[in-house]
Amino acid sequence: MSEPNVVILLIVIATAVALITRRVPVPYTVALVVVGITLGAFHFIDAPRLSRALLFAVFLPGLVFEAAFHLPWSDLRRNSGVITALAVPGVIVSIALTAAALMLLGRWAAPDTAFGWRQALVFGAVVAATDPIAVVSLVRSLGAPRRLALLLEAESLLNDGTAIVFLGLVLLATTSAPVGGVAMTIVFLRTVGLGAAVGVAFGAGASLLTRTIDEAVIEITLTVIAAYGSFVVADQLGGSGVIATVVAGVVTGNYGVRSAMSPSTRAAAQSFWAYVAFLLNSIVFLLIGFEVHLPALRHRLPLIVAALAAGWASRTIVVGCVVAGAASTGERMPRSWIAPLMWGGLRGALSMVLALSLPGDFAGRDLIITITFGFVVLSILLQGTTMAPLLRYAGLTERKG
């Protein structure tokens with residue numbers, strides 16, 4: 001079957017799953033992964049591989065931009081301290097804690113497996129980010145408090161970019177000559193800063209051009225250029241493509257769309273990006289399922305469970321510390337939000353692709369890929385199916401503020 005026909009078939013399957021989940025109380029994204037695993041196990045469809053090139057060229061820019069496009073700048077500014085804490089120091093602490101916990105639990109779960117601190121640190125970096133592809137699509141459907149949803153979405157968008165940078169730094173530190181902390185900090189700031197600058201340039205450029213045009217199709221096309229162009233240019237220049245697209249989305253959504261587009265064009269742009277998000281989310285979750293090989297995961301199940309427990313423990317500590325630290329500030333949150341913030345830290349396609357993109361000669365690469373895939377699948381299945389009951393138990397599903 002040709003690739004265009006495969007894509008069409010995937011869209012048909014995703015639409016059928018969407019219709020079924022309207023009547024069955026199962027999260028749409030979870031159902032897609034299950035369907036993908038089932039179809040992949042029986043080799044019904046020769047689906048494209050979920051590669052780094054495919055994720056970065058097609059899926060990630062569109063999904064990240066669409067989410068950032070709807071984030072109000074005023075809300076981001078009011079919650080900037082918490083979001084930054086989760087996305088930068090929170091990611092660093094999460095990497096270290098996940099690696100340490102996995103080293104301890106791994107000896108018990110797989111005593112015959114050589115899993116050193118280098119592999120543990122790289123694995124911690126691979127799964128550090130709460131993937132926006134997984135988080136954003138889930139939270140919007142749960143009726144969570146608006147600020148809680150904002151924190152999960154904004155954190156996932158930013159730590160997606162920072163985690164990619166930190167993975168590069170961890171690989172640099174574990175596979176080459178020792179690198180000083182100052183040098184690593186400079187690389188991090190340069191990568192993130194360059195990405196942000198490119199995002200501002202594309203977002204502002206698209207917004208200014210939109211002011212001079214009164215043609216809906218062209219104006220929407222400018223938002224597409226801002227989304228994908230900022231990602232490609234930042235990546236080519238050595239900056240963070242994800243950070244660039246996040247910034248471009250926030251600038252375009254808050255200034256270009258609201259101040260430069262007519263009401264009808266604004267509605268058309270929002271509908272266009274809503275459809276793009278649905279389409280990309282649907283296909284990427286199906287592809288996650290197709291990538292999973294159950295026999296390999298079953299063989300490493302004890303180590304996968306240990307890795308998942310390590311990830312949950314580190315996430316709980318990070319969220320608890322951030323909530324406690326914000327208690328004396330204007331960004332304080334109810335303690336009842338700790339569990340949803342922790343449990344909402346799903347991992348998705350990004351972690352899988354980062355694992356696949358590890359250097360071929362990195363010791364333990366195949367093992368990291370296997371436990372990462374298992375980590376992602378269990379994260380989506382367990383956290384995805386229980387997030388809504390958790391919010392209802394905490395009394396958070398009916399609040400709108």
# chains A, B, ... in the order shown; residues from 1 in each chain; ligands from 1

$ residues_around --residues "Ser230 (chain A)" --least-positions-apart "4" --cutoff "7 Å" --atoms "only C-alpha atoms" --output "ChimeraX atom specification"
/A:198-199,202,226,234,241,244-245

$ write_last_selection --atoms "N, CA, C and O atoms" --output "PDB file, in the first residue's frame"
ATOM      1  N   VAL A 198      14.418  33.583  17.607  1.00  0.00           N
ATOM      2  CA  VAL A 198      13.835  33.204  16.309  1.00  0.00           C
ATOM      3  C   VAL A 198      12.313  33.181  16.402  1.00  0.00           C
ATOM      4  O   VAL A 198      11.608  33.644  15.491  1.00  0.00           O
ATOM      5  N   GLY A 199      11.778  32.676  17.518  1.00  0.00           N
ATOM      6  CA  GLY A 199      10.336  32.649  17.693  1.00  0.00           C
ATOM      7  C   GLY A 199       9.721  34.037  17.707  1.00  0.00           C
ATOM      8  O   GLY A 199       8.667  34.276  17.096  1.00  0.00           O
ATOM      9  N   PHE A 202       9.736  35.412  14.051  1.00  0.00           N
ATOM     10  CA  PHE A 202       8.695  34.837  13.189  1.00  0.00           C
ATOM     11  C   PHE A 202       7.304  35.252  13.655  1.00  0.00           C
ATOM     12  O   PHE A 202       6.431  35.564  12.832  1.00  0.00           O
ATOM     13  N   ALA A 226       4.823  30.685  10.468  1.00  0.00           N
ATOM     14  CA  ALA A 226       5.368  30.993  11.793  1.00  0.00           C
ATOM     15  C   ALA A 226       5.620  29.714  12.581  1.00  0.00           C
ATOM     16  O   ALA A 226       6.641  29.592  13.272  1.00  0.00           O
ATOM     17  N   ALA A 234      15.315  27.886  13.642  1.00  0.00           N
ATOM     18  CA  ALA A 234      16.003  27.785  14.927  1.00  0.00           C
ATOM     19  C   ALA A 234      16.850  26.523  14.991  1.00  0.00           C
ATOM     20  O   ALA A 234      17.991  26.555  15.476  1.00  0.00           O
ATOM     21  N   GLY A 241      14.338  24.405  18.409  1.00  0.00           N
ATOM     22  CA  GLY A 241      13.188  24.571  17.522  1.00  0.00           C
ATOM     23  C   GLY A 241      11.874  24.606  18.278  1.00  0.00           C
ATOM     24  O   GLY A 241      10.965  25.351  17.928  1.00  0.00           O
ATOM     25  N   ALA A 244      11.409  27.976  19.931  1.00  0.00           N
ATOM     26  CA  ALA A 244      11.084  28.949  18.881  1.00  0.00           C
ATOM     27  C   ALA A 244       9.612  28.871  18.498  1.00  0.00           C
ATOM     28  O   ALA A 244       8.929  29.903  18.380  1.00  0.00           O
ATOM     29  N   THR A 245       9.100  27.669  18.332  1.00  0.00           N
ATOM     30  CA  THR A 245       7.706  27.506  17.933  1.00  0.00           C
ATOM     31  C   THR A 245       6.761  27.905  19.062  1.00  0.00           C
ATOM     32  O   THR A 245       5.704  28.489  18.815  1.00  0.00           O
TER      33      THR A 245
END

$ residues_around --residues "Asp46 (chain A)" --least-positions-apart "3" --cutoff "9 Å" --atoms "only C-alpha atoms" --output "PyMOL selection string"
chain A and resi 1+3+6+40+43

$ closest_residue --among "A:Ser351, A:Ser2, A:Thr385, A:Asn159" --to "Pro89 (chain A)" --atoms "only C-alpha atoms"
A:Asn159

$ atom_distance --atom1 "CA of Leu63 (chain A)" --atom2 "CA of Ala129 (chain A)"
15.2 Å

$ residues_around --residues "region 161-167 of chain A" --least-positions-apart "3" --cutoff "7 Å" --atoms "only C-alpha atoms" --output "list of chain:residue names"
A:Ala87, A:Val88, A:Val91, A:Val122, A:Ala125, A:Val126, A:Ala128, A:Ala129, A:Leu158, A:Val170, A:Leu171, A:Phe188, A:Ser240, A:Val242, A:Ile243

$ residues_around --residues "Phe373 (chain A)" --least-positions-apart "2" --cutoff "8 Å" --atoms "only C-alpha atoms" --output "compact mmCIF listing (two decimals) with all heavy atoms, in the first residue's frame"
# COMPACT_ATOMS: atom_id res chain seq x y z
N VAL A 292 5.22 -0.23 19.20
CA VAL A 292 5.36 -1.10 20.37
C VAL A 292 5.42 -2.57 19.96
O VAL A 292 4.60 -3.04 19.17
CB VAL A 292 4.19 -0.87 21.35
CG1 VAL A 292 4.24 -1.88 22.50
CG2 VAL A 292 4.23 0.55 21.90
N LEU A 297 8.79 -5.89 25.33
CA LEU A 297 8.42 -5.19 26.56
C LEU A 297 8.15 -6.18 27.69
O LEU A 297 8.51 -5.93 28.85
CB LEU A 297 7.18 -4.33 26.33
CG LEU A 297 7.30 -3.22 25.27
CD1 LEU A 297 6.07 -2.32 25.32
CD2 LEU A 297 8.57 -2.41 25.44
N MET A 352 9.93 8.59 23.05
CA MET A 352 10.26 7.46 22.20
C MET A 352 11.24 7.85 21.10
O MET A 352 12.22 7.14 20.82
CB MET A 352 8.98 6.87 21.59
CG MET A 352 8.01 6.32 22.63
SD MET A 352 6.40 5.87 21.95
CE MET A 352 6.83 4.42 21.01
N ILE A 369 15.99 2.12 24.78
CA ILE A 369 14.84 2.21 23.86
C ILE A 369 13.70 1.32 24.36
O ILE A 369 12.54 1.75 24.39
CB ILE A 369 15.27 1.79 22.44
CG1 ILE A 369 16.20 2.86 21.83
CG2 ILE A 369 14.04 1.60 21.55
CD1 ILE A 369 16.80 2.45 20.50
N THR A 370 14.01 0.10 24.77
CA THR A 370 12.98 -0.83 25.21
C THR A 370 12.25 -0.31 26.44
O THR A 370 11.01 -0.29 26.49
CB THR A 370 13.59 -2.21 25.51
OG1 THR A 370 14.18 -2.73 24.32
CG2 THR A 370 12.51 -3.17 26.01
N ILE A 371 13.01 0.12 27.46
CA ILE A 371 12.33 0.56 28.69
C ILE A 371 11.63 1.91 28.48
O ILE A 371 10.62 2.18 29.13
CB ILE A 371 13.29 0.61 29.89
CG1 ILE A 371 14.43 1.59 29.68
CG2 ILE A 371 13.82 -0.78 30.19
CD1 ILE A 371 15.34 1.73 30.89
N PHE A 375 7.83 2.44 29.25
CA PHE A 375 7.50 3.57 30.13
C PHE A 375 6.39 4.41 29.51
O PHE A 375 5.40 4.76 30.18
CB PHE A 375 8.77 4.41 30.32
CG PHE A 375 8.66 5.52 31.32
CD1 PHE A 375 9.28 5.41 32.56
CD2 PHE A 375 7.98 6.69 31.04
CE1 PHE A 375 9.21 6.43 33.49
CE2 PHE A 375 7.91 7.72 31.95
CZ PHE A 375 8.52 7.60 33.19
N VAL A 376 6.53 4.75 28.23
CA VAL A 376 5.54 5.59 27.55
C VAL A 376 4.19 4.90 27.47
O VAL A 376 3.14 5.50 27.77
CB VAL A 376 6.04 5.96 26.14
CG1 VAL A 376 4.92 6.61 25.33
CG2 VAL A 376 7.23 6.91 26.23
N VAL A 377 4.18 3.64 27.09
CA VAL A 377 2.91 2.91 26.95
C VAL A 377 2.20 2.82 28.29
O VAL A 377 0.99 3.10 28.40
CB VAL A 377 3.15 1.50 26.36
CG1 VAL A 377 1.88 0.67 26.44
CG2 VAL A 377 3.62 1.61 24.92

$ atom_distance --atom1 "CA of Ala101 (chain A)" --atom2 "CA of Gly289 (chain A)"
27.3 Å

$ residues_around --residues "region 306-311 of chain A" --least-positions-apart "6" --cutoff "7 Å" --atoms "only C-alpha atoms" --output "ChimeraX atom specification"
/A:98,101-102,105-106,109,375

$ atom_distance --atom1 "CA of Ala227 (chain A)" --atom2 "CA of Val200 (chain A)"
11.4 Å

$ closest_residue --among "A:Leu346, A:Leu209, A:Ala154, A:Ile92" --to "Gly384 (chain A)" --atoms "only C-alpha atoms"
A:Leu346

$ residues_around --residues "region 327-332 of chain A" --least-positions-apart "3" --cutoff "8 Å" --atoms "only C-alpha atoms" --output "JSON, numbers by chain"
{"A": [78, 79, 81, 82, 323, 324]}

$ closest_residue --among "A:Leu367, A:Gly360, A:Val7, A:Thr84" --to "Ile304 (chain A)" --atoms "only C-alpha atoms"
A:Leu367

$ residues_around --residues "region 279-284 of chain A" --least-positions-apart "3" --cutoff "7 Å" --atoms "only C-alpha atoms" --output "number ranges by chain"
A: 10-11, 14, 59, 133, 275-276, 287-288

$ write_last_selection --atoms "N, CA and C atoms" --output "PDB file, in the first residue's frame"
ATOM      1  N   LEU A  10      -5.074   5.676   8.048  1.00  0.00           N
ATOM      2  CA  LEU A  10      -4.869   6.060   9.440  1.00  0.00           C
ATOM      3  C   LEU A  10      -5.888   7.113   9.871  1.00  0.00           C
ATOM      4  N   ILE A  11      -6.194   8.045   8.978  1.00  0.00           N
ATOM      5  CA  ILE A  11      -7.198   9.070   9.301  1.00  0.00           C
ATOM      6  C   ILE A  11      -8.575   8.431   9.464  1.00  0.00           C
ATOM      7  N   ALA A  14      -8.579   6.673  12.821  1.00  0.00           N
ATOM      8  CA  ALA A  14      -8.656   7.651  13.900  1.00  0.00           C
ATOM      9  C   ALA A  14     -10.060   8.223  14.033  1.00  0.00           C
ATOM     10  N   PHE A  59       4.927  16.626  13.056  1.00  0.00           N
ATOM     11  CA  PHE A  59       4.013  16.608  14.189  1.00  0.00           C
ATOM     12  C   PHE A  59       4.297  17.680  15.241  1.00  0.00           C
ATOM     13  N   ILE A 133       2.339  16.508  23.261  1.00  0.00           N
ATOM     14  CA  ILE A 133       1.464  15.730  22.392  1.00  0.00           C
ATOM     15  C   ILE A 133       0.524  14.869  23.230  1.00  0.00           C
ATOM     16  N   TYR A 275      -8.393  21.713  13.922  1.00  0.00           N
ATOM     17  CA  TYR A 275      -8.416  20.523  13.072  1.00  0.00           C
ATOM     18  C   TYR A 275      -7.012  19.947  12.904  1.00  0.00           C
ATOM     19  N   VAL A 276      -6.008  20.818  12.723  1.00  0.00           N
ATOM     20  CA  VAL A 276      -4.628  20.354  12.588  1.00  0.00           C
ATOM     21  C   VAL A 276      -4.214  19.571  13.834  1.00  0.00           C
ATOM     22  N   LEU A 287       0.635   5.925  15.720  1.00  0.00           N
ATOM     23  CA  LEU A 287       2.001   5.513  15.419  1.00  0.00           C
ATOM     24  C   LEU A 287       2.744   5.061  16.670  1.00  0.00           C
ATOM     25  N   ILE A 288       2.430   5.649  17.833  1.00  0.00           N
ATOM     26  CA  ILE A 288       3.016   5.164  19.082  1.00  0.00           C
ATOM     27  C   ILE A 288       2.664   3.694  19.274  1.00  0.00           C
TER      28      ILE A 288
END
